[in-house]
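Coordinates as given in upload_18.txt (compact mmCIF, C-alpha atoms):
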# COMPACT_ATOMS: atom_id res chain seq x y z
CA MET Y 25 48.68 139.03 167.84
CA PRO Y 26 45.47 137.02 167.57
CA LYS Y 27 42.26 138.73 168.59
CA ILE Y 28 38.74 137.51 168.54
CA GLY Y 29 37.17 137.90 165.12
CA GLU Y 30 40.42 137.55 163.15
CA SER Y 31 40.47 134.50 160.85
CA SER Y 32 37.46 133.32 162.79
CA GLN Y 33 35.26 130.34 162.11
CA VAL Y 34 31.58 130.44 162.97
CA ASN Y 35 29.80 127.31 164.11
CA SER Y 36 26.13 127.09 164.97
CA ALA Y 37 24.23 124.60 167.08
CA THR Y 38 21.41 123.75 164.67
CA GLY Y 39 18.12 125.38 165.58
CA THR Y 40 19.41 126.96 168.79
CA GLY Y 41 20.08 130.54 167.70
CA ILE Y 42 23.53 130.28 169.34
CA GLN Y 43 26.79 130.77 167.43
CA ARG Y 44 30.36 130.00 168.41
CA VAL Y 45 33.02 132.24 166.85
CA ASP Y 46 36.46 130.64 167.13
CA THR Y 47 39.58 132.76 167.56
CA ASN Y 48 43.17 132.27 166.48
CA LEU Y 49 43.77 131.03 170.02
CA PRO Y 50 42.37 127.48 169.94
CA GLY Y 51 39.73 126.83 172.57
CA VAL Y 52 38.94 130.48 173.25
CA CYS Y 53 35.72 131.52 171.55
CA GLU Y 54 33.03 134.17 171.47
CA ILE Y 55 29.44 133.04 171.92
CA LEU Y 56 26.73 135.00 170.11
CA LEU Y 57 23.21 134.67 171.49
CA LYS Y 58 19.84 135.51 170.00
CA ARG Y 59 17.75 138.05 171.90
CA ARG Y 60 13.99 137.99 171.37
CA GLY Y 61 11.97 141.11 171.94
CA ASP Y 62 8.56 142.69 171.52
CA ALA Y 63 6.59 145.61 172.95
CA ARG Y 64 6.91 144.16 176.46
CA GLY Y 65 10.72 143.99 176.45
CA SER Y 66 13.11 141.17 175.63
CA PHE Y 67 14.21 137.66 176.57
CA LEU Y 68 17.68 136.12 176.35
CA GLU Y 69 18.67 132.55 177.15
CA THR Y 70 22.22 133.00 178.44
CA TYR Y 71 23.11 129.36 179.12
CA HIS Y 72 21.69 125.99 178.12
CA GLN Y 73 23.88 122.99 178.89
CA LYS Y 74 22.81 120.86 175.91
CA LYS Y 75 23.01 123.71 173.40
CA PHE Y 76 26.45 124.77 174.61
CA ALA Y 77 27.63 121.14 174.55
CA ALA Y 78 26.60 121.01 170.88
CA LEU Y 79 29.14 123.81 170.34
CA GLY Y 80 31.88 121.90 172.17
CA ILE Y 81 31.55 123.60 175.57
CA THR Y 82 31.00 120.64 177.89
CA ASP Y 83 32.25 122.02 181.22
CA VAL Y 84 30.09 121.61 184.30
CA PHE Y 85 29.86 125.08 185.83
CA VAL Y 86 29.66 125.14 189.62
CA GLN Y 87 30.01 128.80 190.60
CA ASP Y 88 28.65 132.12 189.31
CA ASN Y 89 30.46 135.40 190.04
CA HIS Y 90 29.30 139.00 189.60
CA SER Y 91 31.61 142.00 189.86
CA THR Y 92 30.99 145.73 189.44
CA SER Y 93 33.78 147.98 188.18
CA ALA Y 94 34.26 151.65 187.41
CA GLN Y 95 35.78 152.76 184.11
CA GLY Y 96 39.51 152.07 183.95
CA VAL Y 97 39.48 149.20 186.45
CA LEU Y 98 41.50 146.20 185.27
CA ARG Y 99 41.07 142.84 186.97
CA GLY Y 100 43.67 140.21 186.10
CA LEU Y 101 45.36 138.39 184.68
CA HIS Y 102 44.25 135.59 187.03
CA TYR Y 103 44.23 131.79 187.06
CA GLN Y 104 44.03 128.86 189.44
CA LEU Y 105 46.59 126.06 189.15
CA LYS Y 106 45.44 122.92 190.95
CA ARG Y 107 41.75 123.79 190.68
CA SER Y 108 41.88 125.24 187.18
CA GLN Y 109 38.73 126.97 185.99
CA ALA Y 110 37.07 127.26 182.63
CA LYS Y 111 35.06 130.49 182.50
CA LEU Y 112 32.04 131.70 180.58
CA CYS Y 113 31.98 135.50 180.76
CA ARG Y 114 29.44 138.17 179.89
CA VAL Y 115 28.56 141.79 180.67
CA ILE Y 116 25.08 142.93 181.70
CA GLU Y 117 25.88 146.65 182.01
CA GLY Y 118 28.40 148.62 179.99
CA GLU Y 119 31.39 147.30 178.04
CA ALA Y 120 34.60 145.47 178.96
CA LEU Y 121 37.65 144.31 177.07
CA ASP Y 122 37.96 140.63 178.00
CA VAL Y 123 41.31 138.88 177.52
CA ALA Y 124 42.53 135.27 177.67
CA VAL Y 125 46.20 134.23 177.60
CA ASP Y 126 47.53 130.71 176.97
CA ILE Y 127 50.00 130.05 179.81
CA ARG Y 128 50.18 126.26 179.47
CA ILE Y 129 53.74 124.94 179.46
CA GLY Y 130 54.27 123.01 176.23
CA SER Y 131 51.41 124.63 174.34
CA PRO Y 132 52.25 125.70 170.76
CA HIS Y 133 50.33 128.91 171.58
CA PHE Y 134 52.13 129.63 174.87
CA GLY Y 135 52.13 133.36 175.59
CA LYS Y 136 49.53 134.18 172.92
CA TRP Y 137 46.34 136.06 173.72
CA ALA Y 138 42.88 136.74 172.36
CA SER Y 139 40.45 139.49 173.26
CA VAL Y 140 36.87 140.55 172.67
CA VAL Y 141 34.77 143.51 173.74
CA LEU Y 142 31.86 142.18 175.77
CA SER Y 143 28.85 144.47 175.96
CA ALA Y 144 25.41 144.47 177.49
CA GLU Y 145 24.03 145.72 174.18
CA LYS Y 146 25.51 142.89 172.14
CA SER Y 147 24.87 140.22 174.82
CA ASN Y 148 27.92 138.26 173.68
CA GLN Y 149 30.03 135.95 175.82
CA LEU Y 150 33.64 134.78 175.98
CA TYR Y 151 34.54 131.18 176.78
CA VAL Y 152 37.96 130.73 178.40
CA PRO Y 153 39.17 127.12 178.79
CA ARG Y 154 41.14 125.71 181.71
CA GLY Y 155 44.83 126.56 181.68
CA PHE Y 156 44.41 130.14 180.49
CA ALA Y 157 44.96 133.36 182.42
CA HIS Y 158 42.00 135.74 182.29
CA GLY Y 159 41.41 139.41 182.88
CA PHE Y 160 39.23 142.33 181.79
CA LEU Y 161 39.28 146.11 181.57
CA ALA Y 162 36.15 148.21 182.24
CA LEU Y 163 35.58 150.47 179.22
CA SER Y 164 32.40 152.25 180.29
CA PRO Y 165 31.58 154.34 183.40
CA ARG Y 166 30.10 151.28 185.08
CA VAL Y 167 30.50 147.61 184.20
CA GLN Y 168 28.67 144.64 185.64
CA PHE Y 169 30.66 141.54 184.71
CA LEU Y 170 29.29 138.01 185.24
CA TYR Y 171 31.14 134.74 184.78
CA LYS Y 172 30.49 131.08 185.36
CA CYS Y 173 33.35 128.88 186.65
CA SER Y 174 33.94 125.14 186.28
CA ASP Y 175 35.56 124.85 189.72
CA PHE Y 176 35.21 126.69 193.00
CA TYR Y 177 37.31 129.72 193.89
CA ASP Y 178 40.29 128.87 196.09
CA GLY Y 179 42.24 131.89 197.29
CA ALA Y 180 45.22 129.72 198.23
CA ASP Y 181 45.38 128.45 194.62
CA GLU Y 182 45.08 131.82 192.86
CA TYR Y 183 47.96 133.09 190.73
CA GLY Y 184 48.40 135.80 188.16
CA ILE Y 185 50.40 137.43 185.38
CA ALA Y 186 51.20 141.14 185.07
CA PHE Y 187 48.75 142.86 182.75
CA ASP Y 188 51.55 144.94 181.19
CA ASP Y 189 53.95 142.06 180.52
CA PRO Y 190 56.02 143.44 177.60
CA ASP Y 191 56.44 139.98 176.07
CA LEU Y 192 52.67 139.48 175.91
CA ASN Y 193 52.14 143.03 174.61
CA ILE Y 194 48.39 142.94 175.16
CA ALA Y 195 46.58 145.83 173.47
CA TRP Y 196 44.61 147.06 176.48
CA GLY Y 197 44.44 150.62 175.17
CA THR Y 198 45.76 152.01 178.48
CA THR Y 199 49.00 151.94 180.43
CA SER Y 200 47.61 153.18 183.73
CA PRO Y 201 44.50 151.21 184.73
CA LEU Y 202 43.20 151.03 188.27
CA LEU Y 203 44.56 147.81 189.81
CA SER Y 204 44.13 146.07 193.13
CA GLU Y 205 47.18 146.05 195.39
CA LYS Y 206 47.57 142.33 194.74
CA ASP Y 207 47.45 142.75 190.95
CA GLN Y 208 50.11 145.45 191.14
CA GLN Y 209 52.54 142.82 192.46
CA LEU Y 210 52.05 140.29 189.67
CA LEU Y 211 55.10 139.20 187.64
CA PRO Y 212 55.58 138.90 183.88
CA LEU Y 213 55.01 135.42 182.51
CA ALA Y 214 58.73 134.79 181.94
CA LYS Y 215 59.46 135.39 185.63
CA VAL Y 216 56.78 133.04 186.99
CA PRO Y 217 58.40 129.79 188.21
CA ARG Y 218 57.40 127.00 185.84
CA GLU Y 219 56.04 124.88 188.70
CA PHE Y 220 53.36 127.56 189.13
CA LEU Y 221 52.12 127.31 185.54
CA PRO Y 222 49.67 124.76 184.11
CA ARG Y 223 50.75 122.04 181.68
CA TYR Y 224 49.47 121.59 178.14
Rewritten as structure tokens:
Amino acid sequence: MPKIGESSQVNSATGTGIQRVDTNLPGVCEILLKRRGDARGSFLETYHQKKFAALGITDVFVQDNHSTSAQGVLRGLHYQLKRSQAKLCRVIEGEALDVAVDIRIGSPHFGKWASVVLSAEKSNQLYVPRGFAHGFLALSPRVQFLYKCSDFYDGADEYGIAFDDPDLNIAWGTTSPLLSEKDQQLLPLAKVPREFLPRY
């Protein structure tokens, strides 16, 4: 199963200090940033529209979200259908396993997933395109997880896939995470009516 870093290709936006690491799941990529530091502390540019566009990430992000989770909390796998969202994710405290799943009907990669460990120490990011389900697992005692979205949240348009779908076989590293009541009710991908899945 493809994971971030396997058979990866690294692209750099010239002179920006930003790198894009492609995964085996086309469109999903890790972004590596350059932190600058001295005796005073450090500085990190986490988003620059022109620099990200040079790496092929051209979405206009309209909403920022910030969640806090205890170790073992799993949020996902979520997606919006009519108001699909691309996401740019990062962690500012702790570590989280971040996962994207291609759920687009007609995609040659339908049902495939990619993952990366996001950490405050590494200051890396995961870009998830529109049409993918997304979720993350908190790996450290406390995780602060931030993500930018290319469309606004719409609760009436939110759907999801069961994290433990046996056909997906995602390597979460746990079989008993802490889930919301809503996430406990999510169905495997094969049981989701096709009219509630995005198209390739």
Proximity check stretch 79-144 of chain Y to stretch 160-170 of chain Y, 8 Å, nearest pairs one decimal Å, only C-alpha atoms, as a Markdown table:
| residue | atom | partner | partner_atom | distance |
| --- | --- | --- | --- | --- |
| Y:Asp88 | CA | Y:Leu170 | CA | 7.2 |
| Y:Asn89 | CA | Y:Leu170 | CA | 5.6 |
| Y:His90 | CA | Y:Leu170 | CA | 4.5 |
| Y:Ser91 | CA | Y:Phe169 | CA | 5.3 |
| Y:Thr92 | CA | Y:Gln168 | CA | 4.6 |
| Y:Ser93 | CA | Y:Val167 | CA | 5.2 |
| Y:Ala94 | CA | Y:Arg166 | CA | 4.8 |
| Y:Gln95 | CA | Y:Pro165 | CA | 4.5 |
| Y:Gly96 | CA | Y:Ala162 | CA | 5.4 |
| Y:Val97 | CA | Y:Ala162 | CA | 5.5 |
| Y:Leu98 | CA | Y:Leu161 | CA | 4.3 |
| Y:Arg99 | CA | Y:Phe160 | CA | 5.5 |
| Y:Gly100 | CA | Y:Phe160 | CA | 6.5 |
| Y:Leu101 | CA | Y:Phe160 | CA | 7.8 |
| Y:Cys113 | CA | Y:Leu170 | CA | 5.8 |
| Y:Arg114 | CA | Y:Leu170 | CA | 5.4 |
| Y:Val115 | CA | Y:Phe169 | CA | 4.6 |
| Y:Ile116 | CA | Y:Gln168 | CA | 5.6 |
| Y:Glu117 | CA | Y:Gln168 | CA | 5.0 |
| Y:Gly118 | CA | Y:Val167 | CA | 4.8 |
| Y:Glu119 | CA | Y:Leu163 | CA | 5.4 |
| Y:Ala120 | CA | Y:Ala162 | CA | 4.5 |
| Y:Leu121 | CA | Y:Leu161 | CA | 5.1 |
| Y:Asp122 | CA | Y:Phe160 | CA | 4.3 |
| Y:Val123 | CA | Y:Phe160 | CA | 5.9 |
Find the nearest atom pair between each residue of stretch 127-196 of chain Y and stretch 49-68 of chain Y for residues within 12 Å, count all atoms listed in the file, give distances in Å to one decimal, sort rows by chain and ascending number, and present the table as a tab-separated table.
residue	atom	partner	partner_atom	distance
Y:Ile127	CA	Y:Leu49	CA	11.6
Y:Ser131	CA	Y:Pro50	CA	10.5
Y:Pro132	CA	Y:Leu49	CA	10.0
Y:His133	CA	Y:Leu49	CA	7.1
Y:Phe134	CA	Y:Leu49	CA	9.8
Y:Gly135	CA	Y:Leu49	CA	10.3
Y:Lys136	CA	Y:Leu49	CA	7.2
Y:Trp137	CA	Y:Leu49	CA	6.8
Y:Ala138	CA	Y:Leu49	CA	6.2
Y:Ser139	CA	Y:Val52	CA	9.1
Y:Val140	CA	Y:Glu54	CA	7.5
Y:Val141	CA	Y:Glu54	CA	9.8
Y:Leu142	CA	Y:Glu54	CA	9.2
Y:Ser143	CA	Y:Leu56	CA	11.3
Y:Ala144	CA	Y:Leu68	CA	11.4
Y:Glu145	CA	Y:Arg59	CA	10.2
Y:Lys146	CA	Y:Leu56	CA	8.2
Y:Ser147	CA	Y:Leu57	CA	6.7
Y:Asn148	CA	Y:Leu56	CA	5.0
Y:Gln149	CA	Y:Ile55	CA	4.9
Y:Leu150	CA	Y:Glu54	CA	4.6
Y:Tyr151	CA	Y:Cys53	CA	5.4
Y:Val152	CA	Y:Val52	CA	5.2
Y:Pro153	CA	Y:Gly51	CA	6.3
Y:Arg154	CA	Y:Gly51	CA	9.3
Y:Gly155	CA	Y:Gly51	CA	10.4
Y:Phe156	CA	Y:Val52	CA	9.1
Y:Ala157	CA	Y:Val52	CA	11.3
Y:His158	CA	Y:Val52	CA	10.9
Could you name the residues that touch Y:Leu211 at 7 Å or less, counting all atoms listed in the file, but leaving out those on the same chain fewer than 5 positions away, as an NGL selection string?
:Y and (185-186 or 216)
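As for atom CA of Y:Ala110 and atom CA of Y:Cys173, they are spaced 5.7 Å apart.
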Between Y:Thr82, Y:Lys75, Y:Tyr103, Y:Gln109, which residue has the minimum interatomic distance to Y:Phe176, considering all atoms listed in the file?
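Counting all atoms listed in the file, the residue closest to Y:Phe176 is Y:Gln109.
Using all atoms listed in the file for every distance, the candidate list Y:Tyr71, Y:Gly80, Y:Leu213, Y:Leu105 yields Y:Leu105 as the residue closest to Y:Tyr177.
Going from atom CA of Y:Asp188 over to atom CA of Y:Leu112, you cover 23.6 Å.
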What is the distance between atom CA of Y:Leu210 and atom CA of Y:Gly184, in Å to one decimal?
6.0 Å
Y:Asn193, Y:Ser174, Y:Thr199, Y:Gln209: which is nearest Y:Val84, counting only C-alpha atoms?
Y:Ser174
Which is closest to Y:Leu203 among Y:Gly159, Y:Phe85, Y:Arg223, Y:Arg218, if we use all atoms listed in the file?
Y:Gly159
